[in-house]
file entry.cif (mmCIF, C-alpha atoms)
data_data
#
loop_
_atom_site.label_atom_id
_atom_site.label_comp_id
_atom_site.auth_asym_id
_atom_site.auth_seq_id
_atom_site.Cartn_x
_atom_site.Cartn_y
_atom_site.Cartn_z
CA MET A 28 3.24 19.91 -17.27
CA LEU A 29 3.79 18.05 -14.00
CA HIS A 30 1.44 15.14 -13.39
CA ILE A 31 0.83 14.32 -9.74
CA ILE A 32 -0.44 10.92 -8.74
CA ASN A 33 -1.55 10.48 -5.14
CA SER A 34 -3.55 7.26 -5.27
CA SER A 35 -2.36 3.67 -5.38
CA PRO A 36 -2.19 2.38 -8.97
CA PHE A 37 -3.36 -0.97 -7.65
CA ASN A 38 -6.52 0.58 -6.28
CA ASP A 39 -7.68 2.73 -9.17
CA HIS A 40 -6.47 3.38 -12.69
CA LYS A 41 -5.64 7.06 -12.52
CA LEU A 42 -1.99 6.33 -13.16
CA GLN A 43 -2.97 4.37 -16.26
CA LEU A 44 -5.13 7.22 -17.49
CA CYS A 45 -2.28 9.62 -16.83
CA LEU A 46 0.33 7.52 -18.64
CA ALA A 47 -1.92 7.38 -21.69
CA LYS A 48 -1.75 11.17 -21.91
CA ILE A 49 1.69 12.12 -20.66
CA ASP A 50 4.33 13.25 -23.14
CA GLU A 51 8.09 13.75 -23.10
CA GLN A 52 7.96 17.37 -21.99
CA ASP A 53 6.04 16.40 -18.90
CA GLY A 54 7.09 15.01 -15.56
CA LEU A 55 5.49 12.43 -13.28
CA LEU A 56 5.44 12.88 -9.51
CA LEU A 57 4.31 10.19 -7.06
CA ILE A 58 3.13 11.35 -3.66
CA GLY A 59 0.98 9.93 -0.88
CA GLU A 60 -0.54 6.58 -1.85
CA GLY A 61 0.86 7.15 -5.35
CA VAL A 62 4.29 6.04 -4.17
CA TYR A 63 3.06 2.44 -4.46
CA GLY A 64 3.83 3.04 -8.12
CA LEU A 65 7.36 2.02 -7.04
CA ASN A 66 6.04 -1.57 -7.00
CA GLN A 67 5.03 -1.25 -10.61
CA LEU A 68 8.10 0.46 -11.97
CA THR A 69 8.73 -1.84 -14.92
CA GLU A 70 5.20 -1.37 -16.21
CA ILE A 71 5.41 2.39 -15.67
CA ARG A 72 8.72 2.68 -17.51
CA GLN A 73 7.25 0.84 -20.47
CA GLN A 74 4.64 3.51 -20.89
CA LEU A 75 6.50 6.60 -19.71
CA PRO A 76 8.16 8.57 -22.54
CA ALA A 77 11.93 8.10 -22.36
CA ASP A 78 12.76 11.72 -21.47
CA CYS A 79 10.02 12.06 -18.93
CA PRO A 80 11.47 12.30 -15.40
CA LEU A 81 9.96 10.32 -12.54
CA TYR A 82 9.88 12.02 -9.12
CA VAL A 83 8.95 10.47 -5.79
CA LEU A 84 8.25 12.19 -2.47
CA GLN A 85 10.69 10.30 -0.26
CA ASP A 86 8.92 10.68 3.09
CA ASP A 87 5.84 8.99 1.68
CA ALA A 88 7.92 6.11 0.32
CA PHE A 89 9.94 5.63 3.52
CA ALA A 90 6.81 5.73 5.66
CA ARG A 91 5.40 2.80 3.69
CA GLY A 92 8.58 0.76 3.75
CA LEU A 93 9.16 1.18 0.04
CA HIS A 94 12.50 1.71 -1.55
CA CYS A 95 13.84 1.34 -4.97
CA ASP A 96 17.27 0.59 -6.34
CA SER A 97 16.63 2.29 -9.64
CA ASP A 98 18.93 5.27 -10.11
CA ASN A 99 16.59 6.80 -12.63
CA ILE A 100 14.31 8.29 -9.99
CA GLU A 101 14.53 11.70 -8.44
CA TRP A 102 13.76 11.54 -4.71
CA LEU A 103 12.34 14.74 -3.24
CA ASP A 104 11.87 16.14 0.22
CA TYR A 105 9.11 18.67 0.86
CA SER A 106 11.10 21.72 -0.17
CA GLY A 107 12.23 19.88 -3.30
CA PHE A 108 8.58 19.15 -4.00
CA VAL A 109 7.67 22.83 -3.76
CA GLU A 110 10.62 23.79 -5.90
CA LEU A 111 9.61 21.21 -8.50
CA THR A 112 6.12 22.65 -8.85
CA LEU A 113 7.69 25.98 -9.79
CA ARG A 114 9.79 24.39 -12.52
CA TYR A 115 6.80 23.29 -14.58
CA THR A 116 4.36 25.60 -16.35
CA ASN A 117 1.42 23.93 -14.67
CA LEU A 118 0.35 20.99 -12.55
CA ILE A 119 -2.29 18.36 -12.99
CA SER A 120 -3.38 16.47 -9.89
CA TRP A 121 -5.02 13.20 -10.88
CA MET B 19 -21.11 -20.21 16.97
CA ALA B 20 -20.50 -16.71 15.60
CA SER B 21 -17.16 -15.97 14.04
CA LEU B 22 -15.74 -12.83 12.53
CA ALA B 23 -13.56 -12.38 9.47
CA ILE B 24 -12.01 -8.94 9.12
CA VAL B 25 -10.91 -8.27 5.57
CA ASN B 26 -8.20 -5.66 5.19
CA SER B 27 -8.16 -4.17 1.72
CA SER B 28 -6.72 -0.73 2.52
CA ALA B 29 -3.10 0.32 2.48
CA PRO B 30 -1.74 1.26 5.94
CA PHE B 31 -1.95 5.03 5.63
CA ALA B 32 -4.57 5.39 2.92
CA ASN B 33 -7.41 6.23 5.25
CA GLY B 34 -8.51 5.22 8.72
CA GLY B 35 -9.57 1.75 7.59
CA ALA B 36 -6.46 -0.14 8.56
CA GLN B 37 -6.45 1.20 12.12
CA GLU B 38 -10.20 0.71 12.52
CA ALA B 39 -9.89 -2.88 11.39
CA LEU B 40 -7.19 -3.54 13.96
CA ASP B 41 -9.16 -1.83 16.71
CA LEU B 42 -12.17 -3.95 15.87
CA ALA B 43 -10.08 -7.11 15.86
CA MET B 44 -8.82 -6.37 19.37
CA VAL B 45 -12.28 -5.47 20.66
CA ALA B 46 -13.71 -8.68 19.20
CA GLY B 47 -10.89 -10.66 20.72
CA THR B 48 -11.43 -9.03 24.10
CA PHE B 49 -15.03 -10.20 24.03
CA GLY B 50 -13.96 -13.72 23.15
CA GLN B 51 -15.16 -13.73 19.56
CA GLN B 52 -13.48 -16.11 17.19
CA THR B 53 -11.74 -13.67 14.87
CA ALA B 54 -9.43 -13.96 11.89
CA LEU B 55 -7.78 -11.34 9.73
CA PHE B 56 -7.55 -11.43 5.96
CA PHE B 57 -5.26 -9.23 3.90
CA VAL B 58 -6.25 -8.71 0.27
CA ASP B 59 -5.62 -6.17 -2.49
CA ASP B 60 -3.89 -3.06 -1.13
CA GLY B 61 -4.33 -4.47 2.38
CA VAL B 62 -1.21 -6.56 1.82
CA PHE B 63 0.81 -3.33 1.95
CA GLN B 64 0.07 -3.27 5.70
CA LEU B 65 2.42 -6.21 6.09
CA ILE B 66 5.50 -4.78 4.42
CA ASN B 67 8.61 -4.72 6.55
CA GLY B 68 10.40 -1.47 7.32
CA GLN B 69 7.52 0.95 7.57
CA HIS B 70 8.16 4.22 9.38
CA GLY B 71 4.87 6.02 9.84
CA LYS B 72 6.59 8.91 11.60
CA HIS B 73 7.77 10.20 8.21
CA VAL B 74 4.17 11.13 7.53
CA GLY B 75 3.16 11.83 11.10
CA ARG B 76 1.32 8.54 11.60
CA LYS B 77 1.63 5.70 14.06
CA ASN B 78 3.01 2.40 12.73
CA LEU B 79 0.38 -0.31 12.50
CA THR B 80 3.01 -2.99 12.37
CA SER B 81 3.90 -2.69 16.05
CA GLN B 82 0.28 -3.37 16.91
CA PHE B 83 0.15 -6.64 14.97
CA GLY B 84 2.38 -8.12 17.64
CA ALA B 85 -0.41 -7.67 20.19
CA LEU B 86 -2.88 -9.80 18.26
CA GLU B 87 -1.77 -13.07 19.81
CA PHE B 88 -2.83 -11.77 23.23
CA TYR B 89 -6.35 -11.50 21.85
CA ASP B 90 -6.18 -15.09 20.56
CA ILE B 91 -6.05 -13.87 16.99
CA ASP B 92 -3.57 -16.14 15.33
CA GLN B 93 -5.14 -16.69 11.94
CA LEU B 94 -3.77 -14.12 9.54
CA PHE B 95 -4.53 -15.01 5.93
CA VAL B 96 -2.85 -13.25 3.04
CA CYS B 97 -3.91 -13.30 -0.58
CA ALA B 98 -0.92 -14.63 -2.52
CA ASN B 99 -2.27 -13.21 -5.75
CA SER B 100 -2.44 -9.70 -4.31
CA LEU B 101 1.21 -9.99 -3.30
CA LYS B 102 2.18 -11.17 -6.76
CA GLN B 103 0.30 -8.36 -8.50
CA ARG B 104 2.14 -5.85 -6.34
CA ASN B 105 5.53 -7.46 -6.90
CA ILE B 106 5.87 -8.20 -3.20
CA ASP B 107 7.93 -11.21 -2.22
CA ALA B 108 7.16 -13.17 0.96
CA ARG B 109 10.59 -12.07 2.20
CA ASP B 110 9.46 -8.42 2.09
CA LEU B 111 6.83 -9.10 4.74
CA LEU B 112 7.19 -8.48 8.49
CA ASP B 113 9.55 -11.12 9.82
CA ASP B 114 8.13 -11.43 13.29
CA LEU B 115 4.55 -12.01 12.19
CA SER B 116 3.28 -15.42 11.23
CA VAL B 117 0.90 -15.29 8.25
CA ILE B 118 -0.62 -17.87 5.95
CA LEU B 119 -0.40 -17.27 2.21
CA LEU B 120 -3.36 -18.59 0.28
CA ALA B 121 -4.35 -18.80 -3.34
CA THR B 122 -7.65 -17.12 -4.21
CA GLY B 123 -9.78 -20.26 -4.14
CA ASP B 124 -8.42 -21.35 -0.75
CA LEU B 125 -8.81 -17.81 0.60
CA ASN B 126 -12.46 -17.78 -0.44
CA ARG B 127 -13.02 -21.16 1.17
CA GLN B 128 -11.51 -19.86 4.42
CA LEU B 129 -13.62 -16.71 4.26
CA SER B 130 -16.83 -18.66 3.79
CA ARG B 131 -16.19 -20.47 7.10
CA PHE B 132 -16.97 -17.29 9.03
CA THR B 133 -20.48 -16.20 9.93
CA HIS B 134 -19.68 -12.49 9.74
CA VAL B 135 -17.41 -10.69 7.31
CA LEU B 136 -16.43 -7.03 7.60
CA ARG B 137 -14.36 -5.28 5.01
CA PHE B 138 -12.14 -2.29 5.60
#

call {"tool": "encode", "arguments": {"input": "entry.cif", "output": "structure tokens"}}
result
Amino acid sequence: MLHIINSSPFNDHKLQLCLAKIDEQDGLLLIGEGVYGLNQLTEIRQQLPADCPLYVLQDDAFARGLHCDSDNIEWLDYSGFVELTLRYTNLISW
Amino acid sequence: MASLAIVNSSAPFANGGAQEALDLAMVAGTFGQQTALFFVDDGVFQLINGQHGKHVGRKNLTSQFGALEFYDIDQLFVCANSLKQRNIDARDLLDDLSVILLATGDLNRQLSRFTHVLRF
């Protein structure tokens, strides 16, 4: 399952609710306002299962002036985003 | 004398709030109203350096902040706690904009000095 977060984790707690349910076969994708999760990476990593990949839509991050030095993030462009949604059995948009 | 505090609590591209707040600030300034801007909660994201709105088809707000001084708006207050919660360092903020970082209590005291408060 691919979990998609599109709201700022500092503005609501959807990301928290998601992290409580996500498991190691899932993936987490940050898009739109959700990319502000990059400012909370340590906390996210603590709760994200070890094998669970973290994806970020790069245009949304660049637009907001966010970047991240962590090499454990998969940065996607729009076609990568589409391709990703096909890789998972289903999607849940929080 | 009437004075206006505009509280920015929205991230730059979250909704139209950030732009509306700026538009209002400039209108108020044009009509000679004593106006100050406050940045709290996700509003502090408006002040991050290196934004490129064109990646999401939006106009950068940051270029417009430079115009504020022409409207006699020179009081820009930023909630230090909001920055800390978001792991934003003062160095990550726009370098050509002069802002005042305040702790919550001081921010509230500043806010209470204004007769009108609008939140975006």

call {"tool": "closest_atom_pairs", "arguments": {"input": "entry.cif", "of": "chain A", "to": "chain B", "cutoff": "6 Å", "atoms": "all atoms listed in the file", "output": "CSV"}}
result
residue,atom,partner,partner_atom,distance
A:Asn66,CA,B:Arg104,CA,5.8
A:Asp86,CA,B:His73,CA,5.3
A:Ala90,CA,B:His70,CA,4.2
A:Arg91,CA,B:Gln69,CA,4.8
A:Gly92,CA,B:Gln69,CA,4.0

call {"tool": "resolve_selection", "arguments": {"input": "entry.cif", "expression": "the PyMOL selection byres ((chain A and resi 118) around 7)", "output": "ChimeraX atom specification"}}
result
/A:28-30,117,119-120

call {"tool": "atom_distance", "arguments": {"input": "entry.cif", "atom1": "CA of Glu60 in chain A", "atom2": "CA of Gly107 in chain A"}}
result
18.5 Å

call {"tool": "closest_residue", "arguments": {"input": "entry.cif", "among": "B:Ala121, B:Phe88, B:Ser116, B:Leu101", "to": "Thr48 in chain B", "atoms": "all atoms listed in the file"}}
result
B:Phe88

call {"tool": "atom_distance", "arguments": {"input": "entry.cif", "atom1": "CA of Ala20 in chain B", "atom2": "CA of Gly84 in chain B"}}
result
24.5 Å

call {"tool": "atom_distance", "arguments": {"input": "entry.cif", "atom1": "CA of Gln128 in chain B", "atom2": "CA of Tyr89 in chain B"}}
result
20.0 Å

call {"tool": "closest_residue", "arguments": {"input": "entry.cif", "among": "A:His40, A:Ala47, A:Pro76, A:Ser35", "to": "Val62 in chain A", "atoms": "only C-alpha atoms"}}
result
A:Ser35

call {"tool": "closest_residue", "arguments": {"input": "entry.cif", "among": "B:Val62, B:Ala54, B:Leu40, B:Leu129", "to": "Asp90 in chain B", "atoms": "all atoms listed in the file"}}
result
B:Ala54

call {"tool": "residues_around", "arguments": {"input": "entry.cif", "residues": "Leu42 in chain B", "least_positions_apart": "5", "cutoff": "12 Å", "atoms": "all atoms listed in the file", "output": "list in words"}}
result
Leu22, Ala23, Ile24, Val25, Asn26, Gly35, Ala36, Gln37, Gly47, Thr48, Phe49, Gln51, Thr53, Ala54, Leu55, Leu86, Tyr89, Ile91, Leu136, Arg137 and Phe138 of chain B
